[in-house]
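Enquirer: Please find target_30.pdb (PDB, C-alpha atoms, pLDDT in the B column) on the next line:
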MODEL        1
ATOM      1  CA  MET A  49    -132.962  -5.389 -39.967  1.00 46.00           C
ATOM      2  CA  VAL A  50    -131.526  -6.800 -36.762  1.00 52.00           C
ATOM      3  CA  ASP A  51    -128.691  -4.264 -36.884  1.00 74.00           C
ATOM      4  CA  LYS A  52    -131.149  -1.396 -37.314  1.00 76.00           C
ATOM      5  CA  ASP A  53    -133.204  -2.560 -34.309  1.00 79.00           C
ATOM      6  CA  GLY A  54    -130.029  -3.030 -32.289  1.00 79.00           C
ATOM      7  CA  ASP A  55    -128.880   0.489 -33.186  1.00 85.00           C
ATOM      8  CA  GLU A  56    -132.277   1.870 -32.125  1.00 87.00           C
ATOM      9  CA  ILE A  57    -132.082   0.089 -28.792  1.00 88.00           C
ATOM     10  CA  LEU A  58    -128.514   1.312 -28.253  1.00 88.00           C
ATOM     11  CA  GLY A  59    -129.628   4.862 -29.088  1.00 88.00           C
ATOM     12  CA  MET A  60    -132.474   4.643 -26.592  1.00 90.00           C
ATOM     13  CA  ILE A  61    -130.144   3.278 -23.907  1.00 91.00           C
ATOM     14  CA  GLU A  62    -127.639   6.059 -24.628  1.00 91.00           C
ATOM     15  CA  LYS A  63    -130.352   8.744 -24.292  1.00 92.00           C
ATOM     16  CA  TYR A  64    -131.553   7.162 -21.041  1.00 90.00           C
ATOM     17  CA  ILE A  65    -128.041   7.102 -19.574  1.00 91.00           C
ATOM     18  CA  LYS A  66    -127.397  10.720 -20.615  1.00 90.00           C
ATOM     19  CA  GLU A  67    -130.617  11.823 -18.885  1.00 92.00           C
ATOM     20  CA  ILE A  68    -129.667   9.966 -15.697  1.00 90.00           C
ATOM     21  CA  VAL A  69    -126.212  11.607 -15.752  1.00 90.00           C
ATOM     22  CA  ARG A  70    -127.828  15.056 -16.247  1.00 90.00           C
ATOM     23  CA  GLN A  71    -130.167  14.489 -13.307  1.00 91.00           C
ATOM     24  CA  GLU A  72    -127.303  13.323 -11.083  1.00 90.00           C
ATOM     25  CA  ALA A  73    -125.236  16.355 -12.092  1.00 87.00           C
ATOM     26  CA  ARG A  74    -128.130  18.712 -11.260  1.00 88.00           C
ATOM     27  CA  GLN A  75    -128.549  17.099  -7.860  1.00 87.00           C
ATOM     28  CA  MET A  76    -124.827  17.414  -7.135  1.00 85.00           C
ATOM     29  CA  VAL A  77    -124.841  21.107  -8.117  1.00 84.00           C
ATOM     30  CA  GLN A  78    -127.896  21.750  -5.903  1.00 83.00           C
ATOM     31  CA  ALA A  79    -126.230  19.976  -2.972  1.00 79.00           C
ATOM     32  CA  LEU A  80    -123.067  22.065  -3.414  1.00 78.00           C
ATOM     33  CA  GLU A  81    -125.073  25.290  -3.631  1.00 78.00           C
ATOM     34  CA  GLU A  82    -126.990  24.354  -0.476  1.00 77.00           C
ATOM     35  CA  GLU A  83    -123.735  23.625   1.354  1.00 74.00           C
ATOM     36  CA  ASN A  84    -122.283  26.974   0.240  1.00 71.00           C
ATOM     37  CA  ASN A  85    -125.427  28.803   1.406  1.00 71.00           C
ATOM     38  CA  LYS A  86    -125.033  27.381   4.908  1.00 71.00           C
ATOM     39  CA  ASP A  87    -121.715  29.152   5.270  1.00 78.00           C
ATOM     40  CA  ARG A  88    -122.553  32.509   3.736  1.00 85.00           C
ATOM     41  CA  TRP A  89    -123.363  35.702   5.577  1.00 91.00           C
ATOM     42  CA  TYR A  90    -127.008  36.832   5.642  1.00 93.00           C
ATOM     43  CA  ASN A  91    -128.140  40.361   6.367  1.00 95.00           C
ATOM     44  CA  LEU A  92    -131.235  40.586   8.549  1.00 96.00           C
ATOM     45  CA  ASN A  93    -133.595  40.969   5.572  1.00 96.00           C
ATOM     46  CA  GLU A  94    -132.240  37.766   4.001  1.00 95.00           C
ATOM     47  CA  LEU A  95    -132.315  35.966   7.335  1.00 95.00           C
ATOM     48  CA  SER A  96    -135.894  37.113   7.853  1.00 95.00           C
ATOM     49  CA  LYS A  97    -136.902  35.538   4.529  1.00 95.00           C
ATOM     50  CA  TYR A  98    -135.003  32.358   5.356  1.00 92.00           C
ATOM     51  CA  SER A  99    -136.310  32.018   8.917  1.00 91.00           C
ATOM     52  CA  GLY A 100    -139.820  33.402   8.527  1.00 92.00           C
ATOM     53  CA  PHE A 101    -139.323  35.753  11.480  1.00 92.00           C
ATOM     54  CA  SER A 102    -139.444  39.534  11.259  1.00 94.00           C
ATOM     55  CA  VAL A 103    -136.332  41.687  11.206  1.00 95.00           C
ATOM     56  CA  SER A 104    -137.401  43.303  14.486  1.00 93.00           C
ATOM     57  CA  ALA A 105    -137.672  39.871  16.159  1.00 92.00           C
ATOM     58  CA  LEU A 106    -134.195  38.971  14.901  1.00 95.00           C
ATOM     59  CA  LYS A 107    -132.817  42.238  16.294  1.00 94.00           C
ATOM     60  CA  ARG A 108    -134.432  41.518  19.678  1.00 92.00           C
ATOM     61  CA  TRP A 109    -132.895  38.054  19.728  1.00 92.00           C
ATOM     62  CA  ILE A 110    -129.464  39.465  18.891  1.00 94.00           C
ATOM     63  CA  SER A 111    -129.828  41.700  21.970  1.00 92.00           C
ATOM     64  CA  LEU A 112    -130.894  38.953  24.389  1.00 89.00           C
ATOM     65  CA  PRO A 113    -128.825  38.905  27.597  1.00 88.00           C
ATOM     66  CA  LYS A 114    -128.844  35.075  27.695  1.00 85.00           C
ATOM     67  CA  ARG A 115    -128.114  32.984  24.609  1.00 86.00           C
ATOM     68  CA  PRO A 116    -128.387  35.801  22.034  1.00 92.00           C
ATOM     69  CA  LEU A 117    -128.542  35.093  18.326  1.00 94.00           C
ATOM     70  CA  PRO A 118    -124.881  35.214  17.213  1.00 94.00           C
ATOM     71  CA  ALA A 119    -124.311  38.147  14.863  1.00 95.00           C
ATOM     72  CA  VAL A 120    -121.657  40.583  13.758  1.00 94.00           C
ATOM     73  CA  LYS A 121    -122.409  44.291  13.571  1.00 93.00           C
ATOM     74  CA  ILE A 122    -120.745  46.118  10.702  1.00 91.00           C
ATOM     75  CA  GLU A 123    -121.313  49.834  11.080  1.00 90.00           C
ATOM     76  CA  ARG A 124    -125.078  49.896  11.685  1.00 90.00           C
ATOM     77  CA  LYS A 125    -125.993  46.586  10.073  1.00 93.00           C
ATOM     78  CA  TYR A 126    -126.008  43.078  11.468  1.00 96.00           C
ATOM     79  CA  VAL A 127    -124.933  40.004   9.526  1.00 95.00           C
ATOM     80  CA  VAL A 128    -125.386  36.392  10.597  1.00 94.00           C
ATOM     81  CA  ARG A 129    -123.954  33.193   9.189  1.00 92.00           C
ATOM     82  CA  ARG A 130    -126.801  30.878   8.260  1.00 90.00           C
ATOM     83  CA  LYS A 131    -125.219  27.943  10.054  1.00 89.00           C
ATOM     84  CA  TRP A 132    -124.942  30.089  13.211  1.00 91.00           C
ATOM     85  CA  TYR A 133    -128.680  30.800  13.003  1.00 93.00           C
ATOM     86  CA  ASP A 134    -129.490  27.125  12.370  1.00 90.00           C
ATOM     87  CA  ILE A 135    -127.463  26.020  15.398  1.00 90.00           C
ATOM     88  CA  TRP A 136    -128.852  28.794  17.603  1.00 92.00           C
ATOM     89  CA  PHE A 137    -132.454  28.113  16.600  1.00 89.00           C
ATOM     90  CA  GLY A 138    -131.914  24.372  16.961  1.00 86.00           C
ATOM     91  CA  GLN A 139    -131.501  24.761  20.706  1.00 83.00           C
ATOM     92  CA  TYR A 140    -135.177  25.733  20.867  1.00 77.00           C
ATOM     93  CA  ARG A 141    -136.405  22.520  19.240  1.00 70.00           C
ATOM     94  CA  ASN A 142    -137.532  19.536  21.268  1.00 64.00           C
ATOM     95  CA  ARG A 143    -137.188  15.879  20.300  1.00 58.00           C
ATOM     96  CA  ASN A 144    -140.301  15.978  18.116  1.00 60.00           C
ATOM     97  CA  GLY A 145    -138.860  18.844  16.079  1.00 57.00           C
ATOM     98  CA  ARG A 146    -141.377  21.307  17.466  1.00 58.00           C
ATOM     99  CA  VAL A 147    -140.221  24.695  18.632  1.00 58.00           C
ATOM    100  CA  LYS A 148    -140.208  25.116  22.395  1.00 56.00           C
ATOM    101  CA  ARG A 149    -139.816  28.283  24.422  1.00 56.00           C
ATOM    102  CA  LEU A 150    -140.538  30.389  21.353  1.00 50.00           C
ATOM    103  CA  VAL A 151    -142.717  32.603  23.498  1.00 47.00           C
ATOM    104  CA  ASP A 152    -139.718  33.184  25.760  1.00 48.00           C
ATOM    105  CA  ILE A 153    -137.432  34.212  22.948  1.00 47.00           C
ATOM    106  CA  LYS A 154    -140.119  36.297  21.211  1.00 45.00           C
ATOM    107  CA  SER A 155    -140.995  38.255  24.334  1.00 43.00           C
ATOM    108  CA  ALA A 156    -137.453  38.737  25.565  1.00 41.00           C
TER     109      ALA A 156
ENDMDL
END
Is it possible to give me this structure as structure tokens?
Expert:
Amino acid sequence: MVDKDGDEILGMIEKYIKEIVRQEARQMVQALEEENNKDRWYNLNELSKYSGFSVSALKRWISLPKRPLPAVKIERKYVVRRKWYDIWFGQYRNRNGRVKRLVDIKSA
């Protein structure tokens, strides 16, 4: 009877460890996917969904004379690396994480 109880406990421990390993693996895959997304190219529709700003606002910001949103134009379409957008937009955040001068960049 002791062996049966011991086997049950070992089985429970094994299931617990397997679940922890699965969770860790999922988290690692999500972290890798997130890292890969930072370096991929976004068209303006994708960037609009990511940023929450309209495509027309993004186009205006690409055309700004000072500190434009970095983009590459391929034929008639713009593409932007997500990390470029994140860095560019980060310059408009203050120490509290709030956006500053957004009115300036929206109206420009």
Enquirer: So how far away is atom CA of A:Arg129 from atom CA of A:Lys97, in Å?
Expert: 14.0 Å
Enquirer: When you draw a straight line from atom CA of A:Asp87 to atom CA of A:Ala119, how long is it in Å?
Expert: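 Atom-to-atom, atom CA of A:Asp87 to atom CA of A:Ala119, that is 13.4 Å.
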Enquirer: Given the PyMOL selection byres ((chain A and resi 91) around 7) and the file above, list the residues it selects as a PyMOL selection string.
Expert: chain A and resi 89-90+92-95+126-128
Enquirer: Please report the interatomic distance between atom CA of A:Ala79 and atom CA of A:Val120 in Å with one decimal.
Expert: 26.9 Å
Enquirer: Please write the residues picked by the PyMOL selection byres ((chain A and resi 134) around 12) on this file as a list in words.
Expert: Asn85, Lys86, Asp87, Leu95, Tyr98, Ser99, Leu117, Pro118, Val128, Arg129, Arg130, Lys131, Trp132, Tyr133, Ile135, Trp136, Phe137, Gly138, Gln139, Tyr140 and Arg141 of chain A
Enquirer: Hey, could you pull the box centre and edge lengths for stretch 70-77 of chain A, axis-aligned, 4 Å padding per side, all listed atoms, to one decimal in Å, as lines of an AutoDock Vina configuration file?
Expert:
center_x = -127.5
center_y = 17.2
center_z = -11.7
size_x = 13.3
size_y = 15.8
size_z = 17.1
